[in-house]
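So this one's model36.pdb, PDB, C-alpha atoms, pLDDT in the B column:
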```pdb
MODEL        1
ATOM      1  CA  MET A  55     150.983  74.560 -24.271  1.00 59.00           C
ATOM      2  CA  LEU A  56     148.132  72.486 -22.840  1.00 73.00           C
ATOM      3  CA  TRP A  57     148.893  69.025 -21.562  1.00 79.00           C
ATOM      4  CA  SER A  58     146.548  66.239 -22.603  1.00 83.00           C
ATOM      5  CA  THR A  59     145.719  65.137 -19.039  1.00 93.00           C
ATOM      6  CA  ILE A  60     145.772  66.646 -15.569  1.00 95.00           C
ATOM      7  CA  GLU A  61     148.248  63.960 -14.474  1.00 96.00           C
ATOM      8  CA  GLU A  62     150.638  64.838 -17.261  1.00 96.00           C
ATOM      9  CA  ALA A  63     150.290  68.516 -16.441  1.00 96.00           C
ATOM     10  CA  ALA A  64     150.981  67.928 -12.757  1.00 97.00           C
ATOM     11  CA  LYS A  65     154.073  65.838 -13.441  1.00 96.00           C
ATOM     12  CA  GLU A  66     155.506  68.500 -15.754  1.00 95.00           C
ATOM     13  CA  ALA A  67     154.589  71.455 -13.550  1.00 96.00           C
ATOM     14  CA  ALA A  68     155.736  70.265 -10.117  1.00 97.00           C
ATOM     15  CA  GLY A  69     159.100  71.782  -9.209  1.00 95.00           C
ATOM     16  CA  ASN A  70     159.310  73.842 -12.416  1.00 94.00           C
ATOM     17  CA  HIS A  71     160.970  76.722 -10.539  1.00 95.00           C
ATOM     18  CA  TYR A  72     164.150  74.676 -10.047  1.00 93.00           C
ATOM     19  CA  ASP A  73     164.773  75.070 -13.779  1.00 93.00           C
ATOM     20  CA  PHE A  74     164.485  78.878 -13.850  1.00 91.00           C
ATOM     21  CA  ASP A  75     167.693  80.672 -14.863  1.00 88.00           C
ATOM     22  CA  SER A  76     169.191  83.317 -12.564  1.00 85.00           C
ATOM     23  CA  PHE A  77     166.312  82.901 -10.145  1.00 87.00           C
ATOM     24  CA  ALA A  78     166.149  83.180  -6.366  1.00 86.00           C
ATOM     25  CA  TRP A  79     162.934  82.442  -4.490  1.00 86.00           C
ATOM     26  CA  TRP A  80     163.343  83.444  -0.862  1.00 85.00           C
ATOM     27  CA  GLY A  81     159.960  82.047   0.121  1.00 84.00           C
ATOM     28  CA  ARG A  82     160.428  78.680  -1.541  1.00 89.00           C
ATOM     29  CA  PRO A  83     158.537  75.984   0.453  1.00 89.00           C
ATOM     30  CA  ASP A  84     160.506  73.153   2.036  1.00 90.00           C
ATOM     31  CA  ASP A  85     158.638  70.710  -0.196  1.00 93.00           C
ATOM     32  CA  GLY A  86     159.386  72.804  -3.278  1.00 94.00           C
ATOM     33  CA  LYS A  87     159.315  69.768  -5.543  1.00 96.00           C
ATOM     34  CA  ASN A  88     155.527  69.649  -5.042  1.00 97.00           C
ATOM     35  CA  TRP A  89     154.979  73.287  -6.028  1.00 97.00           C
ATOM     36  CA  PHE A  90     154.416  75.007  -9.355  1.00 97.00           C
ATOM     37  CA  LEU A  91     155.341  78.666  -9.864  1.00 97.00           C
ATOM     38  CA  THR A  92     153.557  80.681 -12.545  1.00 96.00           C
ATOM     39  CA  TYR A  93     153.225  84.352 -13.432  1.00 96.00           C
ATOM     40  CA  THR A  94     150.127  86.083 -14.773  1.00 97.00           C
ATOM     41  CA  HIS A  95     151.287  89.649 -15.467  1.00 97.00           C
ATOM     42  CA  ASN A  96     154.073  92.180 -15.067  1.00 95.00           C
ATOM     43  CA  ARG A  97     154.655  95.929 -15.067  1.00 95.00           C
ATOM     44  CA  ASP A  98     154.555  96.071 -18.882  1.00 95.00           C
ATOM     45  CA  SER A  99     151.599  93.750 -19.458  1.00 97.00           C
ATOM     46  CA  GLY A 100     148.990  94.721 -22.016  1.00 97.00           C
ATOM     47  CA  LEU A 101     145.274  94.979 -21.414  1.00 98.00           C
ATOM     48  CA  LEU A 102     144.521  91.336 -22.224  1.00 98.00           C
ATOM     49  CA  ASP A 103     147.024  90.016 -19.687  1.00 98.00           C
ATOM     50  CA  GLN A 104     145.766  92.516 -17.097  1.00 98.00           C
ATOM     51  CA  SER A 105     142.194  91.380 -17.679  1.00 98.00           C
ATOM     52  CA  ASN A 106     143.086  87.704 -17.523  1.00 98.00           C
ATOM     53  CA  ALA A 107     145.115  88.261 -14.363  1.00 98.00           C
ATOM     54  CA  ALA A 108     142.107  89.888 -12.708  1.00 98.00           C
ATOM     55  CA  GLU A 109     139.844  86.990 -13.693  1.00 98.00           C
ATOM     56  CA  ILE A 110     142.415  84.439 -12.520  1.00 98.00           C
ATOM     57  CA  ALA A 111     142.566  86.234  -9.167  1.00 98.00           C
ATOM     58  CA  VAL A 112     138.804  85.842  -8.796  1.00 97.00           C
ATOM     59  CA  THR A 113     138.967  82.143  -9.671  1.00 97.00           C
ATOM     60  CA  LEU A 114     141.838  81.369  -7.308  1.00 97.00           C
ATOM     61  CA  LYS A 115     140.746  83.604  -4.423  1.00 97.00           C
ATOM     62  CA  PRO A 116     138.978  80.812  -2.500  1.00 96.00           C
ATOM     63  CA  PHE A 117     142.221  78.793  -2.461  1.00 96.00           C
ATOM     64  CA  VAL A 118     144.364  81.800  -1.536  1.00 95.00           C
ATOM     65  CA  GLU A 119     142.146  82.579   1.458  1.00 94.00           C
ATOM     66  CA  ALA A 120     141.236  79.028   2.481  1.00 91.00           C
ATOM     67  CA  ASP A 121     144.090  78.009   4.779  1.00 82.00           C
ATOM     68  CA  LYS A 122     146.813  80.446   5.755  1.00 80.00           C
ATOM     69  CA  GLU A 123     148.678  77.827   7.807  1.00 84.00           C
ATOM     70  CA  TYR A 124     148.768  75.169   5.091  1.00 88.00           C
ATOM     71  CA  PRO A 125     147.916  76.969   1.850  1.00 93.00           C
ATOM     72  CA  ASP A 126     147.631  75.359  -1.553  1.00 96.00           C
ATOM     73  CA  ILE A 127     148.043  78.660  -3.387  1.00 97.00           C
ATOM     74  CA  VAL A 128     150.203  81.624  -2.393  1.00 95.00           C
ATOM     75  CA  GLU A 129     150.248  84.954  -4.216  1.00 96.00           C
ATOM     76  CA  GLU A 130     153.751  85.837  -5.407  1.00 95.00           C
ATOM     77  CA  ASP A 131     155.264  89.221  -6.292  1.00 95.00           C
ATOM     78  CA  HIS A 132     158.860  89.049  -7.562  1.00 92.00           C
ATOM     79  CA  GLY A 133     161.338  91.566  -8.899  1.00 91.00           C
ATOM     80  CA  HIS A 134     162.559  91.212 -12.464  1.00 84.00           C
ATOM     81  CA  TRP A 135     165.561  92.857 -14.116  1.00 86.00           C
ATOM     82  CA  ALA A 136     163.761  93.494 -17.429  1.00 83.00           C
ATOM     83  CA  CYS A 137     160.224  94.507 -16.482  1.00 88.00           C
ATOM     84  CA  GLY A 138     160.518  95.663 -12.887  1.00 88.00           C
ATOM     85  CA  TRP A 139     158.206  93.105 -11.308  1.00 94.00           C
ATOM     86  CA  VAL A 140     156.164  90.018 -12.086  1.00 95.00           C
ATOM     87  CA  LYS A 141     153.128  88.724 -10.204  1.00 97.00           C
ATOM     88  CA  GLY A 142     151.560  85.307 -10.074  1.00 97.00           C
ATOM     89  CA  TYR A 143     151.085  82.267  -7.860  1.00 97.00           C
ATOM     90  CA  ALA A 144     152.843  79.407  -6.205  1.00 97.00           C
ATOM     91  CA  ILE A 145     150.495  76.445  -6.492  1.00 98.00           C
ATOM     92  CA  ARG A 146     150.772  73.182  -4.579  1.00 97.00           C
ATOM     93  CA  VAL A 147     150.564  70.439  -7.191  1.00 98.00           C
ATOM     94  CA  TYR A 148     150.619  67.360  -4.920  1.00 98.00           C
ATOM     95  CA  ASP A 149     149.268  67.062  -1.407  1.00 95.00           C
ATOM     96  CA  ALA A 150     150.837  65.025   1.419  1.00 93.00           C
ATOM     97  CA  ALA A 151     149.258  61.853   0.027  1.00 96.00           C
ATOM     98  CA  GLY A 152     150.718  62.460  -3.427  1.00 96.00           C
ATOM     99  CA  GLU A 153     147.352  63.348  -4.961  1.00 97.00           C
ATOM    100  CA  VAL A 154     146.845  66.258  -7.337  1.00 98.00           C
ATOM    101  CA  THR A 155     145.357  69.157  -5.359  1.00 98.00           C
ATOM    102  CA  GLU A 156     142.093  70.871  -6.144  1.00 97.00           C
ATOM    103  CA  ALA A 157     144.082  74.089  -6.422  1.00 98.00           C
ATOM    104  CA  PHE A 158     146.145  72.732  -9.293  1.00 98.00           C
ATOM    105  CA  ARG A 159     143.007  71.341 -10.906  1.00 97.00           C
ATOM    106  CA  ALA A 160     141.548  74.846 -10.794  1.00 97.00           C
ATOM    107  CA  TRP A 161     144.672  76.184 -12.490  1.00 97.00           C
ATOM    108  CA  TYR A 162     144.468  73.485 -15.135  1.00 97.00           C
ATOM    109  CA  GLY A 163     140.859  74.502 -15.745  1.00 97.00           C
ATOM    110  CA  ILE A 164     142.026  78.065 -16.382  1.00 97.00           C
ATOM    111  CA  LEU A 165     144.563  76.811 -18.916  1.00 96.00           C
ATOM    112  CA  LYS A 166     141.845  74.844 -20.708  1.00 95.00           C
ATOM    113  CA  ARG A 167     139.723  77.975 -20.982  1.00 96.00           C
ATOM    114  CA  LEU A 168     142.654  79.964 -22.352  1.00 96.00           C
ATOM    115  CA  ASN A 169     143.373  77.233 -24.847  1.00 94.00           C
ATOM    116  CA  ASN A 170     139.885  77.731 -26.277  1.00 95.00           C
ATOM    117  CA  TYR A 171     139.855  81.544 -26.248  1.00 96.00           C
ATOM    118  CA  PRO A 172     142.500  84.118 -25.259  1.00 96.00           C
ATOM    119  CA  ALA A 173     140.243  86.173 -22.972  1.00 98.00           C
ATOM    120  CA  LEU A 174     138.838  84.736 -19.754  1.00 98.00           C
ATOM    121  CA  ASN A 175     136.375  87.615 -19.432  1.00 98.00           C
ATOM    122  CA  GLU A 176     135.803  89.335 -22.760  1.00 98.00           C
ATOM    123  CA  GLU A 177     133.499  91.986 -21.301  1.00 98.00           C
ATOM    124  CA  ASP A 178     136.183  93.046 -18.827  1.00 98.00           C
ATOM    125  CA  TRP A 179     138.796  93.093 -21.597  1.00 98.00           C
ATOM    126  CA  MET A 180     136.594  95.297 -23.794  1.00 98.00           C
ATOM    127  CA  ASP A 181     135.885  97.620 -20.855  1.00 98.00           C
ATOM    128  CA  ARG A 182     139.619  98.019 -20.286  1.00 98.00           C
ATOM    129  CA  GLU A 183     140.179  98.800 -23.952  1.00 98.00           C
ATOM    130  CA  TYR A 184     137.416 101.412 -23.848  1.00 98.00           C
ATOM    131  CA  GLU A 185     138.750 103.108 -20.717  1.00 98.00           C
ATOM    132  CA  ALA A 186     142.325 103.032 -22.021  1.00 98.00           C
ATOM    133  CA  THR A 187     141.219 104.590 -25.313  1.00 98.00           C
ATOM    134  CA  CYS A 188     139.367 107.354 -23.484  1.00 98.00           C
ATOM    135  CA  GLU A 189     142.443 108.027 -21.355  1.00 97.00           C
ATOM    136  CA  ASN A 190     144.547 108.219 -24.516  1.00 97.00           C
ATOM    137  CA  ILE A 191     142.054 110.640 -26.071  1.00 97.00           C
ATOM    138  CA  LYS A 192     142.211 112.776 -22.926  1.00 96.00           C
ATOM    139  CA  SER A 193     146.000 112.861 -23.039  1.00 95.00           C
ATOM    140  CA  ILE A 194     146.033 113.798 -26.725  1.00 96.00           C
ATOM    141  CA  GLY A 195     143.173 116.309 -26.594  1.00 95.00           C
ATOM    142  CA  GLU A 196     144.033 118.366 -23.523  1.00 93.00           C
ATOM    143  CA  LYS A 197     145.792 120.935 -25.700  1.00 92.00           C
ATOM    144  CA  PHE A 198     142.632 121.432 -27.771  1.00 93.00           C
ATOM    145  CA  ILE A 199     139.946 121.789 -25.113  1.00 89.00           C
ATOM    146  CA  GLU A 200     138.536 125.124 -23.947  1.00 84.00           C
ATOM    147  CA  ASP A 201     135.722 124.953 -21.423  1.00 81.00           C
ATOM    148  CA  GLU A 202     134.608 121.356 -21.979  1.00 81.00           C
ATOM    149  CA  ALA A 203     132.938 119.699 -19.018  1.00 84.00           C
ATOM    150  CA  GLU A 204     134.568 116.842 -17.161  1.00 91.00           C
ATOM    151  CA  GLY A 205     134.249 113.593 -19.079  1.00 94.00           C
ATOM    152  CA  TRP A 206     134.545 115.235 -22.498  1.00 95.00           C
ATOM    153  CA  GLU A 207     136.848 112.420 -23.631  1.00 97.00           C
ATOM    154  CA  TYR A 208     133.932 109.965 -23.562  1.00 97.00           C
ATOM    155  CA  GLU A 209     131.920 112.214 -25.845  1.00 96.00           C
ATOM    156  CA  VAL A 210     134.863 112.466 -28.215  1.00 97.00           C
ATOM    157  CA  TYR A 211     135.180 108.680 -28.191  1.00 98.00           C
ATOM    158  CA  GLY A 212     131.498 108.415 -29.103  1.00 97.00           C
ATOM    159  CA  TRP A 213     131.880 110.849 -32.003  1.00 97.00           C
ATOM    160  CA  LEU A 214     134.955 109.073 -33.343  1.00 98.00           C
ATOM    161  CA  SER A 215     133.288 105.694 -32.958  1.00 97.00           C
ATOM    162  CA  ASP A 216     130.374 106.910 -35.109  1.00 97.00           C
ATOM    163  CA  ASN A 217     132.322 108.951 -37.656  1.00 97.00           C
ATOM    164  CA  ASP A 218     135.883 107.615 -37.816  1.00 97.00           C
ATOM    165  CA  PRO A 219     135.916 104.212 -36.062  1.00 97.00           C
ATOM    166  CA  TYR A 220     139.430 103.313 -37.206  1.00 97.00           C
ATOM    167  CA  GLN A 221     140.756 105.968 -34.843  1.00 97.00           C
ATOM    168  CA  VAL A 222     139.482 104.162 -31.754  1.00 98.00           C
ATOM    169  CA  GLU A 223     140.488 100.639 -32.741  1.00 97.00           C
ATOM    170  CA  ALA A 224     142.767  99.042 -30.148  1.00 95.00           C
ATOM    171  CA  ARG A 225     146.442  98.955 -31.054  1.00 93.00           C
ATOM    172  CA  ASP A 226     149.265  96.975 -29.475  1.00 94.00           C
ATOM    173  CA  ASP A 227     146.915  95.846 -26.683  1.00 96.00           C
ATOM    174  CA  GLN A 228     146.973  99.353 -25.211  1.00 95.00           C
ATOM    175  CA  GLY A 229     143.632 100.715 -26.409  1.00 97.00           C
ATOM    176  CA  GLY A 230     143.063 103.066 -29.330  1.00 97.00           C
ATOM    177  CA  TRP A 231     145.467 105.913 -30.086  1.00 97.00           C
ATOM    178  CA  PRO A 232     143.682 108.423 -32.351  1.00 97.00           C
ATOM    179  CA  ASP A 233     145.653 110.942 -34.398  1.00 96.00           C
ATOM    180  CA  ASP A 234     145.949 114.449 -32.975  1.00 97.00           C
ATOM    181  CA  GLU A 235     144.034 115.826 -35.968  1.00 97.00           C
ATOM    182  CA  ALA A 236     141.196 113.346 -35.466  1.00 98.00           C
ATOM    183  CA  VAL A 237     140.851 114.219 -31.786  1.00 97.00           C
ATOM    184  CA  GLU A 238     140.853 117.956 -32.516  1.00 96.00           C
ATOM    185  CA  LYS A 239     138.237 117.479 -35.244  1.00 97.00           C
ATOM    186  CA  ALA A 240     136.067 115.426 -32.895  1.00 97.00           C
ATOM    187  CA  ILE A 241     136.328 118.003 -30.088  1.00 96.00           C
ATOM    188  CA  VAL A 242     135.227 120.777 -32.451  1.00 95.00           C
ATOM    189  CA  ALA A 243     132.405 118.625 -33.840  1.00 96.00           C
ATOM    190  CA  VAL A 244     131.096 117.718 -30.377  1.00 95.00           C
ATOM    191  CA  ARG A 245     131.294 121.371 -29.354  1.00 92.00           C
ATOM    192  CA  GLU A 246     129.322 122.463 -32.416  1.00 93.00           C
ATOM    193  CA  GLU A 247     126.733 119.724 -31.933  1.00 92.00           C
ATOM    194  CA  LYS A 248     126.186 120.829 -28.343  1.00 88.00           C
ATOM    195  CA  ALA A 249     125.855 124.475 -29.356  1.00 85.00           C
ATOM    196  CA  SER A 250     123.390 123.548 -32.080  1.00 84.00           C
ATOM    197  CA  LEU A 251     121.351 121.422 -29.669  1.00 75.00           C
ATOM    198  CA  ALA A 252     121.320 124.186 -27.070  1.00 71.00           C
ATOM    199  CA  ASP A 253     120.117 126.688 -29.662  1.00 70.00           C
ATOM    200  CA  TYR A 254     117.400 124.295 -30.851  1.00 62.00           C
ATOM    201  CA  GLU A 255     116.166 123.653 -27.307  1.00 67.00           C
ATOM    202  CA  LYS A 256     116.072 127.382 -26.640  1.00 70.00           C
ATOM    203  CA  ARG A 257     113.984 128.016 -29.760  1.00 72.00           C
ATOM    204  CA  MET A 258     111.620 125.146 -28.941  1.00 74.00           C
ATOM    205  CA  ALA A 259     111.093 126.511 -25.433  1.00 72.00           C
ATOM    206  CA  GLY A 260     109.767 129.782 -26.860  1.00 62.00           C
ATOM    207  CA  PRO A 261     110.465 133.313 -25.568  1.00 63.00           C
ATOM    208  CA  THR A 262     111.031 133.954 -21.900  1.00 57.00           C
ATOM    209  CA  LEU A 263     108.931 136.480 -19.951  1.00 52.00           C
ATOM    210  CA  LEU A 264     111.608 139.100 -20.467  1.00 51.00           C
ATOM    211  CA  GLU A 265     111.763 138.394 -24.164  1.00 55.00           C
ATOM    212  CA  ALA A 266     107.977 138.210 -24.763  1.00 52.00           C
ATOM    213  CA  PRO A 267     106.568 141.186 -26.716  1.00 57.00           C
ATOM    214  CA  VAL A 268     104.638 143.784 -24.742  1.00 54.00           C
ATOM    215  CA  GLU A 269     101.102 144.472 -25.994  1.00 55.00           C
TER     216      GLU A 269
ENDMDL
END
```
As structure tokens - that is how I would like this structure written.
Amino acid sequence: MLWSTIEEAAKEAAGNHYDFDSFAWWGRPDDGKNWFLTYTHNRDSGLLDQSNAAEIAVTLKPFVEADKEYPDIVEEDHGHWACGWVKGYAIRVYDAAGEVTEAFRAWYGILKRLNNYPALNEEDWMDREYEATCENIKSIGEKFIEDEAEGWEYEVYGWLSDNDPYQVEARDDQGGWPDDEAVEKAIVAVREEKASLADYEKRMAGPTLLEAPVE
């Protein structure tokens, strides 16, 4: 939900934590009515939420580090019965003069960006999907490898991407999960391509001194 104005957003957000069910906040500020509590990710978050949380951290870092004695944003890390832990921020909505803080305006700006597109940093999100897919390939393919060099999973990803792209499509926001058969086929194919290339390069290089005919 995106409020129509920053003033409306501030009014709705301030003191929201008082309405949380079964919730205890040991670090709640004395002026808690002026603070907004929000979470960005948890132990079970998918790649999109992880990416957005990282981008939010970059955006809010100046406020987190600005004033340790009288902060407008505090990083929060709370336990949760269902997902182990949740992380986010306590954000001061109103300052001592009753004005909306720049920190809350920054948060509202983040919400506006998310309202337009689900990813705050699409390149980072795609990078996470790629790395997660390669890790999944590595987990699946370890039983098929022989003497492959370190990083073989990236080569397998490349082969699948070119020859069977469905296998590396992201699923459930956890990266691609190729079938065992597809990974095994790709490992064999990459191995054969390397052997063929090595043989070609050897032939193109010509005979060695030991192999050269004696006249």
Worksheet, complete the sentence: Nearest to A:Tyr162, restricted to only C-alpha atoms and choosing among A:Phe90, A:Gly205, A:Asp181, A:Lys115, comes out as A:Phe90
Practice prompt. Determine, counting all atoms listed in the file, which protein, DNA and RNA residues have an atom within 7 Å of an atom of stretch 207-219 of chain A; residues of the same chain fewer than 5 positions away are not included. Present the result as a VMD selection string.
Written response: chain A and resid 188 191 to 192 240 to 241 244
Worksheet item: Applied to this file, what does the PyMOL selection byres ((chain A and resi 117) around 12) return in terms of residues, put as number ranges by chain?
Response: A: 110-116, 118-122, 124-129, 143-146, 155-161
Please produce a file of those selected residues containing C-alpha atoms, as a PDB file, in the frame of the given file.
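Wrote selection07.pdb, looks like this:
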```pdb
ATOM      1  CA  ILE A 110     142.415  84.439 -12.520  1.00 98.00           C
ATOM      2  CA  ALA A 111     142.566  86.234  -9.167  1.00 98.00           C
ATOM      3  CA  VAL A 112     138.804  85.842  -8.796  1.00 97.00           C
ATOM      4  CA  THR A 113     138.967  82.143  -9.671  1.00 97.00           C
ATOM      5  CA  LEU A 114     141.838  81.369  -7.308  1.00 97.00           C
ATOM      6  CA  LYS A 115     140.746  83.604  -4.423  1.00 97.00           C
ATOM      7  CA  PRO A 116     138.978  80.812  -2.500  1.00 96.00           C
ATOM      8  CA  VAL A 118     144.364  81.800  -1.536  1.00 95.00           C
ATOM      9  CA  GLU A 119     142.146  82.579   1.458  1.00 94.00           C
ATOM     10  CA  ALA A 120     141.236  79.028   2.481  1.00 91.00           C
ATOM     11  CA  ASP A 121     144.090  78.009   4.779  1.00 82.00           C
ATOM     12  CA  LYS A 122     146.813  80.446   5.755  1.00 80.00           C
ATOM     13  CA  TYR A 124     148.768  75.169   5.091  1.00 88.00           C
ATOM     14  CA  PRO A 125     147.916  76.969   1.850  1.00 93.00           C
ATOM     15  CA  ASP A 126     147.631  75.359  -1.553  1.00 96.00           C
ATOM     16  CA  ILE A 127     148.043  78.660  -3.387  1.00 97.00           C
ATOM     17  CA  VAL A 128     150.203  81.624  -2.393  1.00 95.00           C
ATOM     18  CA  GLU A 129     150.248  84.954  -4.216  1.00 96.00           C
ATOM     19  CA  TYR A 143     151.085  82.267  -7.860  1.00 97.00           C
ATOM     20  CA  ALA A 144     152.843  79.407  -6.205  1.00 97.00           C
ATOM     21  CA  ILE A 145     150.495  76.445  -6.492  1.00 98.00           C
ATOM     22  CA  ARG A 146     150.772  73.182  -4.579  1.00 97.00           C
ATOM     23  CA  THR A 155     145.357  69.157  -5.359  1.00 98.00           C
ATOM     24  CA  GLU A 156     142.093  70.871  -6.144  1.00 97.00           C
ATOM     25  CA  ALA A 157     144.082  74.089  -6.422  1.00 98.00           C
ATOM     26  CA  PHE A 158     146.145  72.732  -9.293  1.00 98.00           C
ATOM     27  CA  ARG A 159     143.007  71.341 -10.906  1.00 97.00           C
ATOM     28  CA  ALA A 160     141.548  74.846 -10.794  1.00 97.00           C
ATOM     29  CA  TRP A 161     144.672  76.184 -12.490  1.00 97.00           C
TER      30      TRP A 161
END
```
Kindly resolve the PyMOL selection byres ((chain A and resi 72) around 12) on the present coordinates and return the residues as an mmCIF file with C-alpha atoms, keeping the file's coordinate frame.
```
data_model
loop_
_atom_site.group_PDB
_atom_site.id
_atom_site.type_symbol
_atom_site.label_atom_id
_atom_site.label_comp_id
_atom_site.auth_asym_id
_atom_site.auth_seq_id
_atom_site.Cartn_x
_atom_site.Cartn_y
_atom_site.Cartn_z
ATOM 1 C CA ALA A 67 154.589 71.455 -13.550
ATOM 2 C CA ALA A 68 155.736 70.265 -10.117
ATOM 3 C CA GLY A 69 159.100 71.782 -9.209
ATOM 4 C CA ASN A 70 159.310 73.842 -12.416
ATOM 5 C CA HIS A 71 160.970 76.722 -10.539
ATOM 6 C CA ASP A 73 164.773 75.070 -13.779
ATOM 7 C CA PHE A 74 164.485 78.878 -13.850
ATOM 8 C CA ASP A 75 167.693 80.672 -14.863
ATOM 9 C CA SER A 76 169.191 83.317 -12.564
ATOM 10 C CA PHE A 77 166.312 82.901 -10.145
ATOM 11 C CA ALA A 78 166.149 83.180 -6.366
ATOM 12 C CA TRP A 79 162.934 82.442 -4.490
ATOM 13 C CA ARG A 82 160.428 78.680 -1.541
ATOM 14 C CA PRO A 83 158.537 75.984 0.453
ATOM 15 C CA ASP A 85 158.638 70.710 -0.196
ATOM 16 C CA GLY A 86 159.386 72.804 -3.278
ATOM 17 C CA LYS A 87 159.315 69.768 -5.543
ATOM 18 C CA ASN A 88 155.527 69.649 -5.042
ATOM 19 C CA TRP A 89 154.979 73.287 -6.028
ATOM 20 C CA PHE A 90 154.416 75.007 -9.355
ATOM 21 C CA LEU A 91 155.341 78.666 -9.864
#
```
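Picked by the PyMOL selection byres ((chain A and resi 198) around 9) from the coordinates shown: Ile194, Gly195, Glu196, Lys197, Ile199, Glu200, Val237, Glu238, Ile241 and Val242 of chain A.
Minimum distance to A:Asp227 across A:Arg97, A:Lys141, A:Lys166, A:Arg182 (counting all atoms listed in the file) occurs at A:Arg182.
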